[in-house]
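*Asks:* I am attaching a structure below and will ask some questions about it afterwards.
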Amino acid sequence: MACARCHAEVTAGSRKWCADCERNYDQWVRRHASDIVWQALSGTVVIMVAGVGLPLLGVGSLVAAVGAFAGFGTILGLSRLTRRVRRRQFLQAPLPRAYLPAPK
């Protein structure tokens with residue numbers, strides 16, 4: 001099977017990219033490590049509204065428990081969405097130049 005990015009041979013059947021492309025992606029995505037901030041803040045807002053705000057308005061305490069799961073679901077969903085977007089951006093980026101062997 002060929003790598004989806006550089007068309008090199010992939011040894012493992014479950015992987016779509018070769019080891020070099022996975023390593024390049026790992027290095028590239030570290031530049032966007034601050035993506036976790038807005039995901040966590042969004043989850044926090046959901047927890048505050050559903051878990052803290054609604055019980056103050058008179059809704060039962062069961063809503064507070066559901067609010068925690070809703071906040072976790074928000075963080076998880078946004079994380080998966082961002083990961084998909086970043087992979088698409090990485091695929092559209094040009095391949096790095098080939099490294100030439102050192103002259104002897």
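Convention: chains lettered A, B, ... in structure tokens order; per-chain residue numbering from 1; ligands numbered from 1 as shown.
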Would you pick out the contacts of A:Cys18 at 12 Å or less, using only C-alpha atoms, so that residues sharing its chain but fewer than 5 positions from it are not included, and give the list as a PyMOL selection string?
*Replies:* chain A and resi 1-13+23-25
*Asks:* Skip stretch 28-30 of chain A itself and residues of its chain fewer than 6 positions away, then list as a list in words all residues within 10 Å of it, counting only C-alpha atoms.
*Replies:*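 So the residues in contact are Glu22, Arg83, Arg86, Arg87, Gln89 and Phe90 of chain A.
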*Asks:* For the selection you just gave me, I'd like the residues written to a file as an mmCIF file, in the first residue's frame, keeping C-alpha atoms.
*Replies:*
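After the write, out19.cif holds the following:
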data_model
loop_
_atom_site.group_PDB
_atom_site.id
_atom_site.type_symbol
_atom_site.label_atom_id
_atom_site.label_comp_id
_atom_site.auth_asym_id
_atom_site.auth_seq_id
_atom_site.Cartn_x
_atom_site.Cartn_y
_atom_site.Cartn_z
ATOM 1 C CA GLU A 22 3.834 10.750 10.382
ATOM 2 C CA ARG A 83 -7.303 17.398 14.207
ATOM 3 C CA ARG A 86 -4.911 20.311 10.698
ATOM 4 C CA ARG A 87 -4.363 17.027 8.800
ATOM 5 C CA GLN A 89 -3.818 21.633 6.038
ATOM 6 C CA PHE A 90 -0.738 19.430 6.335
#
*Asks:* Please return, as a PyMOL selection string, all residues of chain A that DSSP assigns to alpha helix (DSSP H) on the basis of the backbone.
*Replies:* chain A and resi 19-29+35-47+54-56+62-92
*Asks:* Could you state the separation of atom CA of A:Gly77 and atom CA of A:Gly58 in Å, given to one decimal place?
*Replies:*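 Going from atom CA of A:Gly77 over to atom CA of A:Gly58, I get 28.7 Å.
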*Asks:* Point out the residue among A:Gly73, A:Ala33, A:Cys21, A:Gly67 with the least atom-to-atom distance to A:Pro55, counting only C-alpha atoms.
*Replies:* A:Gly67
